[in-house]
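Next comes target_27.cif, with mmCIF, C-alpha atoms and all ligand atoms.
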data_query
#
loop_
_atom_site.group_PDB
_atom_site.id
_atom_site.type_symbol
_atom_site.label_atom_id
_atom_site.label_comp_id
_atom_site.auth_asym_id
_atom_site.auth_seq_id
_atom_site.Cartn_x
_atom_site.Cartn_y
_atom_site.Cartn_z
ATOM 1 C CA MET A 1188 0.000 0.000 0.000
ATOM 2 C CA PRO A 1189 1.553 3.375 -0.970
ATOM 3 C CA ALA A 1190 2.027 5.904 1.833
ATOM 4 C CA PRO A 1191 -0.829 8.397 2.027
ATOM 5 C CA ALA A 1192 -0.425 12.018 1.064
ATOM 6 C CA ILE A 1193 -0.441 14.235 4.135
ATOM 7 C CA LYS A 1194 -2.207 17.524 4.753
ATOM 8 C CA ILE A 1195 -1.516 19.623 7.821
ATOM 9 C CA CYS A 1196 -4.410 22.063 8.150
ATOM 10 C CA GLY A 1197 -4.893 25.222 10.168
ATOM 11 C CA ILE A 1198 -1.451 26.645 9.461
ATOM 12 C CA ASN A 1199 -1.395 30.177 10.842
ATOM 13 C CA THR A 1200 2.257 30.970 11.540
ATOM 14 C CA SER A 1201 5.514 30.780 9.635
ATOM 15 C CA ALA A 1202 6.864 28.321 12.210
ATOM 16 C CA ALA A 1203 3.957 25.939 11.658
ATOM 17 C CA LEU A 1204 4.329 26.204 7.892
ATOM 18 C CA ASP A 1205 8.051 25.505 8.081
ATOM 19 C CA ALA A 1206 7.460 22.547 10.421
ATOM 20 C CA ALA A 1207 4.912 20.981 8.062
ATOM 21 C CA ILE A 1208 7.235 21.426 5.093
ATOM 22 C CA ALA A 1209 10.225 20.079 7.041
ATOM 23 C CA ALA A 1210 8.113 17.018 7.905
ATOM 24 C CA ARG A 1211 7.433 16.627 4.158
ATOM 25 C CA ALA A 1212 3.674 17.179 4.266
ATOM 26 C CA GLU A 1213 2.530 17.420 0.651
ATOM 27 C CA TYR A 1214 -0.332 19.786 1.540
ATOM 28 C CA THR A 1215 -0.711 22.602 4.022
ATOM 29 C CA GLY A 1216 -4.054 24.213 4.767
ATOM 30 C CA LEU A 1217 -5.129 27.767 5.534
ATOM 31 C CA VAL A 1218 -8.537 28.249 7.165
ATOM 32 C CA PHE A 1219 -10.650 31.132 5.836
ATOM 33 C CA PHE A 1220 -13.503 30.906 8.323
ATOM 34 C CA PRO A 1221 -13.625 33.667 10.956
ATOM 35 C CA PRO A 1222 -15.243 31.586 13.770
ATOM 36 C CA SER A 1223 -12.277 29.194 13.706
ATOM 37 C CA PRO A 1224 -9.357 29.665 16.120
ATOM 38 C CA ARG A 1225 -7.211 28.867 13.042
ATOM 39 C CA ASN A 1226 -8.671 31.570 10.811
ATOM 40 C CA VAL A 1227 -6.142 33.590 8.840
ATOM 41 C CA THR A 1228 -6.593 37.140 7.611
ATOM 42 C CA ILE A 1229 -5.881 37.965 3.980
ATOM 43 C CA ARG A 1230 -2.697 39.684 5.109
ATOM 44 C CA ASP A 1231 -1.537 36.533 6.993
ATOM 45 C CA ALA A 1232 -2.495 34.405 4.012
ATOM 46 C CA ALA A 1233 -0.431 36.530 1.638
ATOM 47 C CA GLN A 1234 2.609 36.252 3.921
ATOM 48 C CA LEU A 1235 2.206 32.500 4.327
ATOM 49 C CA GLY A 1236 1.667 32.022 0.598
ATOM 50 C CA ALA A 1237 4.849 33.958 -0.170
ATOM 51 C CA ARG A 1238 6.806 31.992 2.421
ATOM 52 C CA ASN A 1239 5.446 28.702 1.089
ATOM 53 C CA ALA A 1240 6.627 29.620 -2.418
ATOM 54 C CA GLY A 1241 5.453 26.330 -3.883
ATOM 55 C CA ARG A 1242 7.206 24.158 -1.277
ATOM 56 C CA SER A 1243 3.879 22.561 -0.322
ATOM 57 C CA ARG A 1244 0.555 22.573 -2.135
ATOM 58 C CA LEU A 1245 -1.490 25.226 -0.355
ATOM 59 C CA VAL A 1246 -5.121 24.347 0.357
ATOM 60 C CA GLY A 1247 -7.665 27.065 1.203
ATOM 61 C CA LEU A 1248 -10.455 25.853 3.506
ATOM 62 C CA PHE A 1249 -13.808 27.601 3.112
ATOM 63 C CA VAL A 1250 -17.236 27.101 4.682
ATOM 64 C CA ASP A 1251 -20.050 28.202 2.360
ATOM 65 C CA ALA A 1252 -17.965 31.188 1.308
ATOM 66 C CA ASP A 1253 -19.016 33.554 -1.457
ATOM 67 C CA ASP A 1254 -17.077 34.017 -4.689
ATOM 68 C CA ALA A 1255 -15.457 37.293 -3.636
ATOM 69 C CA THR A 1256 -14.074 35.799 -0.411
ATOM 70 C CA ILE A 1257 -12.615 32.845 -2.279
ATOM 71 C CA ALA A 1258 -11.197 35.017 -5.056
ATOM 72 C CA GLU A 1259 -9.419 37.294 -2.585
ATOM 73 C CA ALA A 1260 -7.888 34.305 -0.780
ATOM 74 C CA VAL A 1261 -6.832 32.531 -3.984
ATOM 75 C CA THR A 1262 -4.995 35.617 -5.189
ATOM 76 C CA ALA A 1263 -3.443 36.611 -1.863
ATOM 77 C CA ALA A 1264 -2.129 33.178 -0.867
ATOM 78 C CA ARG A 1265 -1.655 31.723 -4.338
ATOM 79 C CA LEU A 1266 -3.794 28.734 -3.369
ATOM 80 C CA ASP A 1267 -3.386 25.426 -5.194
ATOM 81 C CA VAL A 1268 -6.567 23.706 -3.989
ATOM 82 C CA LEU A 1269 -10.005 24.758 -2.688
ATOM 83 C CA GLN A 1270 -11.403 22.728 0.220
ATOM 84 C CA LEU A 1271 -15.136 23.198 0.743
ATOM 85 C CA HIS A 1272 -16.152 22.316 4.283
ATOM 86 C CA GLY A 1273 -19.743 23.554 4.395
ATOM 87 C CA GLN A 1274 -23.009 22.598 2.707
ATOM 88 C CA GLU A 1275 -21.721 23.239 -0.829
ATOM 89 C CA THR A 1276 -23.671 21.230 -3.413
ATOM 90 C CA PRO A 1277 -22.127 19.300 -6.327
ATOM 91 C CA ALA A 1278 -23.189 22.154 -8.626
ATOM 92 C CA ARG A 1279 -21.416 24.715 -6.439
ATOM 93 C CA ALA A 1280 -18.272 22.562 -6.284
ATOM 94 C CA ALA A 1281 -18.245 22.194 -10.071
ATOM 95 C CA GLN A 1282 -18.836 25.914 -10.569
ATOM 96 C CA LEU A 1283 -15.931 26.870 -8.282
ATOM 97 C CA ARG A 1284 -13.632 24.415 -9.993
ATOM 98 C CA ALA A 1285 -14.460 25.898 -13.401
ATOM 99 C CA GLN A 1286 -14.308 29.486 -12.163
ATOM 100 C CA PHE A 1287 -10.937 29.271 -10.419
ATOM 101 C CA GLY A 1288 -9.346 26.499 -12.467
ATOM 102 C CA LEU A 1289 -8.254 24.763 -9.258
ATOM 103 C CA PRO A 1290 -8.888 21.277 -7.887
ATOM 104 C CA VAL A 1291 -11.802 21.188 -5.460
ATOM 105 C CA TRP A 1292 -11.903 18.957 -2.381
ATOM 106 C CA LYS A 1293 -15.321 18.466 -0.832
ATOM 107 C CA ALA A 1294 -15.447 17.610 2.858
ATOM 108 C CA LEU A 1295 -18.351 15.354 3.786
ATOM 109 C CA SER A 1296 -19.646 14.842 7.321
ATOM 110 C CA VAL A 1297 -19.977 11.205 8.235
ATOM 111 C CA ALA A 1298 -22.252 9.824 10.928
ATOM 112 C CA GLY A 1299 -23.739 6.775 9.198
ATOM 113 C CA PRO A 1300 -23.820 4.624 6.050
ATOM 114 C CA ASP A 1301 -25.980 7.081 4.076
ATOM 115 C CA ASP A 1302 -23.267 9.722 4.348
ATOM 116 C CA ILE A 1303 -20.878 7.376 2.530
ATOM 117 C CA SER A 1304 -23.271 6.189 -0.184
ATOM 118 C CA GLY A 1305 -24.506 9.772 -0.764
ATOM 119 C CA ALA A 1306 -20.983 10.922 -1.576
ATOM 120 C CA THR A 1307 -21.257 9.548 -5.108
ATOM 121 C CA ARG A 1308 -23.284 12.625 -6.044
ATOM 122 C CA TYR A 1309 -20.030 14.599 -6.115
ATOM 123 C CA ALA A 1310 -18.541 12.395 -8.863
ATOM 124 C CA GLY A 1311 -17.321 14.666 -11.635
ATOM 125 C CA ALA A 1312 -17.844 17.759 -9.477
ATOM 126 C CA ALA A 1313 -15.079 17.364 -6.881
ATOM 127 C CA ASP A 1314 -11.529 16.132 -7.385
ATOM 128 C CA LEU A 1315 -11.283 14.591 -3.936
ATOM 129 C CA LEU A 1316 -13.751 13.728 -1.186
ATOM 130 C CA LEU A 1317 -12.641 14.284 2.373
ATOM 131 C CA PHE A 1318 -14.564 12.110 4.807
ATOM 132 C CA ASP A 1319 -14.714 13.826 8.184
ATOM 133 C CA ALA A 1320 -16.673 13.224 11.389
ATOM 134 C CA LYS A 1321 -20.035 14.952 11.621
ATOM 135 C CA ALA A 1322 -19.986 17.838 14.096
ATOM 136 C CA PRO A 1323 -22.630 17.708 16.825
ATOM 137 C CA LYS A 1324 -25.681 19.970 16.417
ATOM 138 C CA GLY A 1325 -24.913 23.459 17.648
ATOM 139 C CA ALA A 1326 -21.123 23.073 17.406
ATOM 140 C CA ALA A 1327 -19.313 26.322 16.638
ATOM 141 C CA LEU A 1328 -17.375 24.716 13.778
ATOM 142 C CA PRO A 1329 -18.227 22.049 11.186
ATOM 143 C CA GLY A 1330 -14.733 20.541 11.522
ATOM 144 C CA GLY A 1331 -11.452 20.893 13.341
ATOM 145 C CA LEU A 1332 -13.016 19.408 16.472
ATOM 146 C CA GLY A 1333 -10.870 16.322 16.885
ATOM 147 C CA LEU A 1334 -13.826 13.955 16.422
ATOM 148 C CA VAL A 1335 -13.368 10.471 14.952
ATOM 149 C CA PHE A 1336 -16.060 8.619 13.016
ATOM 150 C CA ASP A 1337 -16.495 4.889 12.575
ATOM 151 C CA TRP A 1338 -13.864 4.082 9.936
ATOM 152 C CA THR A 1339 -15.497 0.720 9.135
ATOM 153 C CA LEU A 1340 -18.211 2.723 7.325
ATOM 154 C CA LEU A 1341 -15.636 3.423 4.609
ATOM 155 C CA LYS A 1342 -15.611 -0.246 3.631
ATOM 156 C CA ALA A 1343 -18.839 0.512 1.756
ATOM 157 C CA TRP A 1344 -17.256 3.314 -0.298
ATOM 158 C CA ARG A 1345 -17.338 2.451 -3.994
ATOM 159 C CA GLY A 1346 -17.197 5.800 -5.766
ATOM 160 C CA PRO A 1347 -14.852 6.775 -8.587
ATOM 161 C CA THR A 1348 -13.529 9.904 -6.866
ATOM 162 C CA ALA A 1349 -10.224 10.073 -4.974
ATOM 163 C CA TRP A 1350 -10.756 10.406 -1.240
ATOM 164 C CA GLY A 1351 -9.060 11.280 1.999
ATOM 165 C CA LEU A 1352 -9.652 10.770 5.704
ATOM 166 C CA ALA A 1353 -10.035 13.505 8.320
ATOM 167 C CA GLY A 1354 -11.437 13.808 11.807
ATOM 168 C CA GLY A 1355 -9.676 13.225 15.086
ATOM 169 C CA LEU A 1356 -6.450 11.971 13.560
ATOM 170 C CA GLY A 1357 -3.209 12.401 15.463
ATOM 171 C CA PRO A 1358 0.236 10.862 15.858
ATOM 172 C CA ASP A 1359 -1.172 8.002 17.951
ATOM 173 C CA ASN A 1360 -3.962 6.784 15.653
ATOM 174 C CA VAL A 1361 -3.007 7.804 12.104
ATOM 175 C CA ALA A 1362 -1.097 4.603 11.292
ATOM 176 C CA ASP A 1363 -4.018 2.500 12.451
ATOM 177 C CA ALA A 1364 -6.404 4.680 10.432
ATOM 178 C CA VAL A 1365 -4.351 4.223 7.266
ATOM 179 C CA ARG A 1366 -4.054 0.480 7.762
ATOM 180 C CA GLN A 1367 -7.772 0.085 8.430
ATOM 181 C CA THR A 1368 -9.087 2.310 5.661
ATOM 182 C CA GLY A 1369 -6.380 2.438 2.992
ATOM 183 C CA ALA A 1370 -6.840 6.221 2.842
ATOM 184 C CA GLU A 1371 -5.006 7.914 -0.029
ATOM 185 C CA LEU A 1372 -4.690 11.131 1.948
ATOM 186 C CA VAL A 1373 -4.834 11.979 5.645
ATOM 187 C CA ASP A 1374 -5.736 15.420 6.954
ATOM 188 C CA VAL A 1375 -5.133 16.681 10.481
ATOM 189 C CA SER A 1376 -5.625 19.899 12.364
ATOM 190 C CA SER A 1377 -6.373 19.739 16.096
ATOM 191 C CA GLY A 1378 -4.403 16.501 16.538
ATOM 192 C CA VAL A 1379 -1.129 18.332 15.918
ATOM 193 C CA GLU A 1380 -1.860 21.238 18.264
ATOM 194 C CA SER A 1381 -0.987 22.026 21.880
ATOM 195 C CA ALA A 1382 -4.110 24.228 22.185
ATOM 196 C CA PRO A 1383 -6.850 25.226 19.712
ATOM 197 C CA GLY A 1384 -5.136 27.136 16.918
ATOM 198 C CA VAL A 1385 -1.601 26.543 18.243
ATOM 199 C CA LYS A 1386 0.363 24.080 16.123
ATOM 200 C CA ASP A 1387 2.958 21.894 17.829
ATOM 201 C CA GLU A 1388 6.036 21.227 15.709
ATOM 202 C CA SER A 1389 6.919 17.941 17.379
ATOM 203 C CA ARG A 1390 3.382 16.623 16.915
ATOM 204 C CA ILE A 1391 3.485 17.607 13.224
ATOM 205 C CA GLN A 1392 6.704 15.672 12.831
ATOM 206 C CA ALA A 1393 5.367 12.657 14.757
ATOM 207 C CA PHE A 1394 2.167 12.657 12.712
ATOM 208 C CA CYS A 1395 3.982 12.630 9.385
ATOM 209 C CA ARG A 1396 6.373 9.941 10.535
ATOM 210 C CA ALA A 1397 3.540 7.710 11.783
ATOM 211 C CA ALA A 1398 1.443 8.192 8.626
ATOM 212 C CA ARG A 1399 4.341 7.127 6.423
ATOM 213 C CA ALA A 1400 5.226 4.158 8.600
ATOM 214 C CA ALA A 1401 1.706 2.686 8.403
HETATM 215 O O1 LIG A 1501 -9.837 23.516 11.566
HETATM 216 C C1 LIG A 1501 -10.827 24.272 11.607
HETATM 217 O O2 LIG A 1501 -10.869 25.223 12.385
HETATM 218 C C2 LIG A 1501 -11.988 24.018 10.724
HETATM 219 C C3 LIG A 1501 -12.998 24.944 10.681
HETATM 220 C C4 LIG A 1501 -14.098 24.752 9.880
HETATM 221 C C5 LIG A 1501 -14.198 23.608 9.105
HETATM 222 C C6 LIG A 1501 -13.186 22.653 9.136
HETATM 223 C C7 LIG A 1501 -12.082 22.829 9.934
HETATM 224 N N1 LIG A 1501 -11.062 21.901 10.011
HETATM 225 C C8 LIG A 1501 -10.992 20.708 9.264
HETATM 226 O O3 LIG A 1501 -11.721 19.665 9.876
HETATM 227 C C9 LIG A 1501 -11.122 18.419 9.610
HETATM 228 C C10 LIG A 1501 -10.887 17.639 10.882
HETATM 229 O O4 LIG A 1501 -10.110 18.362 11.783
HETATM 230 P P1 LIG A 1501 -9.440 17.683 13.070
HETATM 231 O O5 LIG A 1501 -8.172 17.030 12.606
HETATM 232 O O6 LIG A 1501 -10.415 16.713 13.634
HETATM 233 O O7 LIG A 1501 -9.147 18.801 14.002
HETATM 234 C C11 LIG A 1501 -9.842 18.721 8.845
HETATM 235 O O8 LIG A 1501 -10.112 18.614 7.457
HETATM 236 C C12 LIG A 1501 -9.589 20.152 9.170
HETATM 237 O O9 LIG A 1501 -8.877 20.749 8.137
#
Turn this file's structure into structure tokens for me.
Ligand SMILES: O=C(O)c1ccccc1N[C@@H]1O[C@H](COP(=O)(O)O)[C@@H](O)[C@H]1O
Amino acid sequence: MPAPAIKICGINTSAALDAAIAARAEYTGLVFFPPSPRNVTIRDAAQLGARNAGRSRLVGLFVDADDATIAEAVTAARLDVLQLHGQETPARAAQLRAQFGLPVWKALSVAGPDDISGATRYAGAADLLLFDAKAPKGAALPGGLGLVFDWTLLKAWRGPTAWGLAGGLGPDNVADAVRQTGAELVDVSSGVESAPGVKDESRIQAFCRAARAA
């Protein structure tokens, strides 16, 4: 089984970006969602994009954002990928892909078997599906909560679209997650932090090492 690609999300400082790149994460993520403790301003995003300078593929995370918000972020940070983490429909995903000419990753909340089977509706609209745990009703954020879902549900996944695993991953469970699911990509945010929004360099390194050793 090939090692999964790795995305470290919620990068909001130069030190965190450098740590993710040093640990050879293929993707780094910037959160453009003001309620998140990981939210970056356009000014931060521009600085991080310039510092990244193509060393990792930069993913912009949006939650039901409008076109102007996405356009400003794409330009400022020189984003490589759009991650849609809200209620975006297949039509909206396809429209954003065409409009910005960038790959689109659609995050899907998983709580039961229907959430896996329903993902096929994004075939042809999204370039990658990111299966994440469903946030509880009333949660402040739709992701980044450190919640794990039942990975055995993924055994039923039969779609044609590339996919990745997110939700409650960390240095201690990522190898098991990869072995159990065969995920092509793993995505982590809170599991490599010392506090919400504060990335921990040693946890980033441990996560990447464990994911590759799976
Ligand atoms: O990280 C956030 O603050 C965030 C905000 C809004 C939507 C998604 C968010 N994070 C993404 O959620 C998953 C799982 O995160 P975690 O590893 O369980 O903390 C991941 O894709 C994050 O990028």
*Point out the residue among A:Asp1231, A:Asp1359, A:Asp1314, A:Glu1380 with the least atom-to-atom distance to ligand LIG 1501 (chain A), counting only C-alpha atoms and all ligand atoms.*
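Nearest candidate to ligand LIG 1501 (chain A) out of A:Asp1231, A:Asp1359, A:Asp1314, A:Glu1380: A:Glu1380.
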*asked:* Could you list, as number ranges by chain, all residues that come within 8 Å of ligand LIG 1501 (chain A)? Count all atoms listed in the file.
replied: A: 1195-1197, 1216, 1218, 1220, 1222-1226, 1248-1250, 1272-1273, 1294, 1317, 1319-1320, 1328-1335, 1353-1357, 1374-1379, 1384
Residues of the last selection are to be written out with C-alpha atoms, as a PDB file, keeping the file's coordinate frame.
ATOM      1  CA  ILE A1195      -1.516  19.623   7.821  1.00  0.00           C
ATOM      2  CA  CYS A1196      -4.410  22.063   8.150  1.00  0.00           C
ATOM      3  CA  GLY A1197      -4.893  25.222  10.168  1.00  0.00           C
ATOM      4  CA  GLY A1216      -4.054  24.213   4.767  1.00  0.00           C
ATOM      5  CA  VAL A1218      -8.537  28.249   7.165  1.00  0.00           C
ATOM      6  CA  PHE A1220     -13.503  30.906   8.323  1.00  0.00           C
ATOM      7  CA  PRO A1222     -15.243  31.586  13.770  1.00  0.00           C
ATOM      8  CA  SER A1223     -12.277  29.194  13.706  1.00  0.00           C
ATOM      9  CA  PRO A1224      -9.357  29.665  16.120  1.00  0.00           C
ATOM     10  CA  ARG A1225      -7.211  28.867  13.042  1.00  0.00           C
ATOM     11  CA  ASN A1226      -8.671  31.570  10.811  1.00  0.00           C
ATOM     12  CA  LEU A1248     -10.455  25.853   3.506  1.00  0.00           C
ATOM     13  CA  PHE A1249     -13.808  27.601   3.112  1.00  0.00           C
ATOM     14  CA  VAL A1250     -17.236  27.101   4.682  1.00  0.00           C
ATOM     15  CA  HIS A1272     -16.152  22.316   4.283  1.00  0.00           C
ATOM     16  CA  GLY A1273     -19.743  23.554   4.395  1.00  0.00           C
ATOM     17  CA  ALA A1294     -15.447  17.610   2.858  1.00  0.00           C
ATOM     18  CA  LEU A1317     -12.641  14.284   2.373  1.00  0.00           C
ATOM     19  CA  ASP A1319     -14.714  13.826   8.184  1.00  0.00           C
ATOM     20  CA  ALA A1320     -16.673  13.224  11.389  1.00  0.00           C
ATOM     21  CA  LEU A1328     -17.375  24.716  13.778  1.00  0.00           C
ATOM     22  CA  PRO A1329     -18.227  22.049  11.186  1.00  0.00           C
ATOM     23  CA  GLY A1330     -14.733  20.541  11.522  1.00  0.00           C
ATOM     24  CA  GLY A1331     -11.452  20.893  13.341  1.00  0.00           C
ATOM     25  CA  LEU A1332     -13.016  19.408  16.472  1.00  0.00           C
ATOM     26  CA  GLY A1333     -10.870  16.322  16.885  1.00  0.00           C
ATOM     27  CA  LEU A1334     -13.826  13.955  16.422  1.00  0.00           C
ATOM     28  CA  VAL A1335     -13.368  10.471  14.952  1.00  0.00           C
ATOM     29  CA  ALA A1353     -10.035  13.505   8.320  1.00  0.00           C
ATOM     30  CA  GLY A1354     -11.437  13.808  11.807  1.00  0.00           C
ATOM     31  CA  GLY A1355      -9.676  13.225  15.086  1.00  0.00           C
ATOM     32  CA  LEU A1356      -6.450  11.971  13.560  1.00  0.00           C
ATOM     33  CA  GLY A1357      -3.209  12.401  15.463  1.00  0.00           C
ATOM     34  CA  ASP A1374      -5.736  15.420   6.954  1.00  0.00           C
ATOM     35  CA  VAL A1375      -5.133  16.681  10.481  1.00  0.00           C
ATOM     36  CA  SER A1376      -5.625  19.899  12.364  1.00  0.00           C
ATOM     37  CA  SER A1377      -6.373  19.739  16.096  1.00  0.00           C
ATOM     38  CA  GLY A1378      -4.403  16.501  16.538  1.00  0.00           C
ATOM     39  CA  VAL A1379      -1.129  18.332  15.918  1.00  0.00           C
ATOM     40  CA  GLY A1384      -5.136  27.136  16.918  1.00  0.00           C
TER      41      GLY A1384
END
Which residues come within 12 Å of A:Lys1194, counting all atoms listed in the file, excluding same-chain residues fewer than 2 positions away, as a PDB file with C-alpha atoms, in the coordinates of the input?
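Once everything was written out, this is out_0.pdb:
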ATOM      1  CA  PRO A1191      -0.829   8.397   2.027  1.00  0.00           C
ATOM      2  CA  ALA A1192      -0.425  12.018   1.064  1.00  0.00           C
ATOM      3  CA  CYS A1196      -4.410  22.063   8.150  1.00  0.00           C
ATOM      4  CA  GLY A1197      -4.893  25.222  10.168  1.00  0.00           C
ATOM      5  CA  ILE A1198      -1.451  26.645   9.461  1.00  0.00           C
ATOM      6  CA  LEU A1204       4.329  26.204   7.892  1.00  0.00           C
ATOM      7  CA  ALA A1207       4.912  20.981   8.062  1.00  0.00           C
ATOM      8  CA  ILE A1208       7.235  21.426   5.093  1.00  0.00           C
ATOM      9  CA  ALA A1210       8.113  17.018   7.905  1.00  0.00           C
ATOM     10  CA  ARG A1211       7.433  16.627   4.158  1.00  0.00           C
ATOM     11  CA  ALA A1212       3.674  17.179   4.266  1.00  0.00           C
ATOM     12  CA  GLU A1213       2.530  17.420   0.651  1.00  0.00           C
ATOM     13  CA  TYR A1214      -0.332  19.786   1.540  1.00  0.00           C
ATOM     14  CA  THR A1215      -0.711  22.602   4.022  1.00  0.00           C
ATOM     15  CA  GLY A1216      -4.054  24.213   4.767  1.00  0.00           C
ATOM     16  CA  LEU A1217      -5.129  27.767   5.534  1.00  0.00           C
ATOM     17  CA  SER A1243       3.879  22.561  -0.322  1.00  0.00           C
ATOM     18  CA  ARG A1244       0.555  22.573  -2.135  1.00  0.00           C
ATOM     19  CA  LEU A1245      -1.490  25.226  -0.355  1.00  0.00           C
ATOM     20  CA  VAL A1246      -5.121  24.347   0.357  1.00  0.00           C
ATOM     21  CA  GLY A1247      -7.665  27.065   1.203  1.00  0.00           C
ATOM     22  CA  LEU A1248     -10.455  25.853   3.506  1.00  0.00           C
ATOM     23  CA  VAL A1268      -6.567  23.706  -3.989  1.00  0.00           C
ATOM     24  CA  GLN A1270     -11.403  22.728   0.220  1.00  0.00           C
ATOM     25  CA  LEU A1317     -12.641  14.284   2.373  1.00  0.00           C
ATOM     26  CA  GLY A1351      -9.060  11.280   1.999  1.00  0.00           C
ATOM     27  CA  LEU A1352      -9.652  10.770   5.704  1.00  0.00           C
ATOM     28  CA  ALA A1353     -10.035  13.505   8.320  1.00  0.00           C
ATOM     29  CA  LEU A1356      -6.450  11.971  13.560  1.00  0.00           C
ATOM     30  CA  GLY A1357      -3.209  12.401  15.463  1.00  0.00           C
ATOM     31  CA  GLU A1371      -5.006   7.914  -0.029  1.00  0.00           C
ATOM     32  CA  LEU A1372      -4.690  11.131   1.948  1.00  0.00           C
ATOM     33  CA  VAL A1373      -4.834  11.979   5.645  1.00  0.00           C
ATOM     34  CA  ASP A1374      -5.736  15.420   6.954  1.00  0.00           C
ATOM     35  CA  VAL A1375      -5.133  16.681  10.481  1.00  0.00           C
ATOM     36  CA  SER A1376      -5.625  19.899  12.364  1.00  0.00           C
ATOM     37  CA  VAL A1379      -1.129  18.332  15.918  1.00  0.00           C
ATOM     38  CA  ILE A1391       3.485  17.607  13.224  1.00  0.00           C
ATOM     39  CA  PHE A1394       2.167  12.657  12.712  1.00  0.00           C
ATOM     40  CA  CYS A1395       3.982  12.630   9.385  1.00  0.00           C
ATOM     41  CA  ALA A1398       1.443   8.192   8.626  1.00  0.00           C
TER      42      ALA A1398
END
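Each of A:Ala1370, A:Val1291, A:Ala1260, A:Leu1340 was checked against A:Pro1189 using all atoms listed in the file; the smallest atom-to-atom distance is that of A:Ala1370.
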Can you sort out the box for stretch 1283-1292 of chain A, edges along x, y and z, all listed atoms in, 5 Å on every side, with centre and edge lengths in Å to one decimal, as AutoDock Vina command-line options?
--center_x -12.1 --center_y 24.2 --center_z -7.9 --size_x 17.7 --size_y 20.5 --size_z 21.0
_I'd like to know which of A:Val1297, A:Ala1306, A:Ala1278, A:Ala1263 is closest to A:Thr1228, using all atoms listed in the file._
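Among A:Val1297, A:Ala1306, A:Ala1278, A:Ala1263, it is A:Ala1263 that comes nearest to A:Thr1228.
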*asked:* If I take atom CA of A:Pro1347 and atom CA of A:Ala1400, how far is one from the other in Å, to one decimal?
replied: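 Those two atoms sit 26.6 Å apart.
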*When distances are computed from only C-alpha atoms, which of A:Ile1229, A:Val1385, A:Ile1193, A:Ala1202 shows the smallest separation from A:Ala1258?*
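Distance minimum relative to A:Ala1258 lands on A:Ile1229.
Here atom CA of A:Thr1256 is placed at a distance of 8.5 Å from atom CA of A:Phe1219.
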*Please, what distance in Å, to one decimal, runs between atom CA of A:Gln1286 and atom CA of A:Leu1271?*
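About the pair atom CA of A:Gln1286 and atom CA of A:Leu1271: they are 14.4 Å apart.
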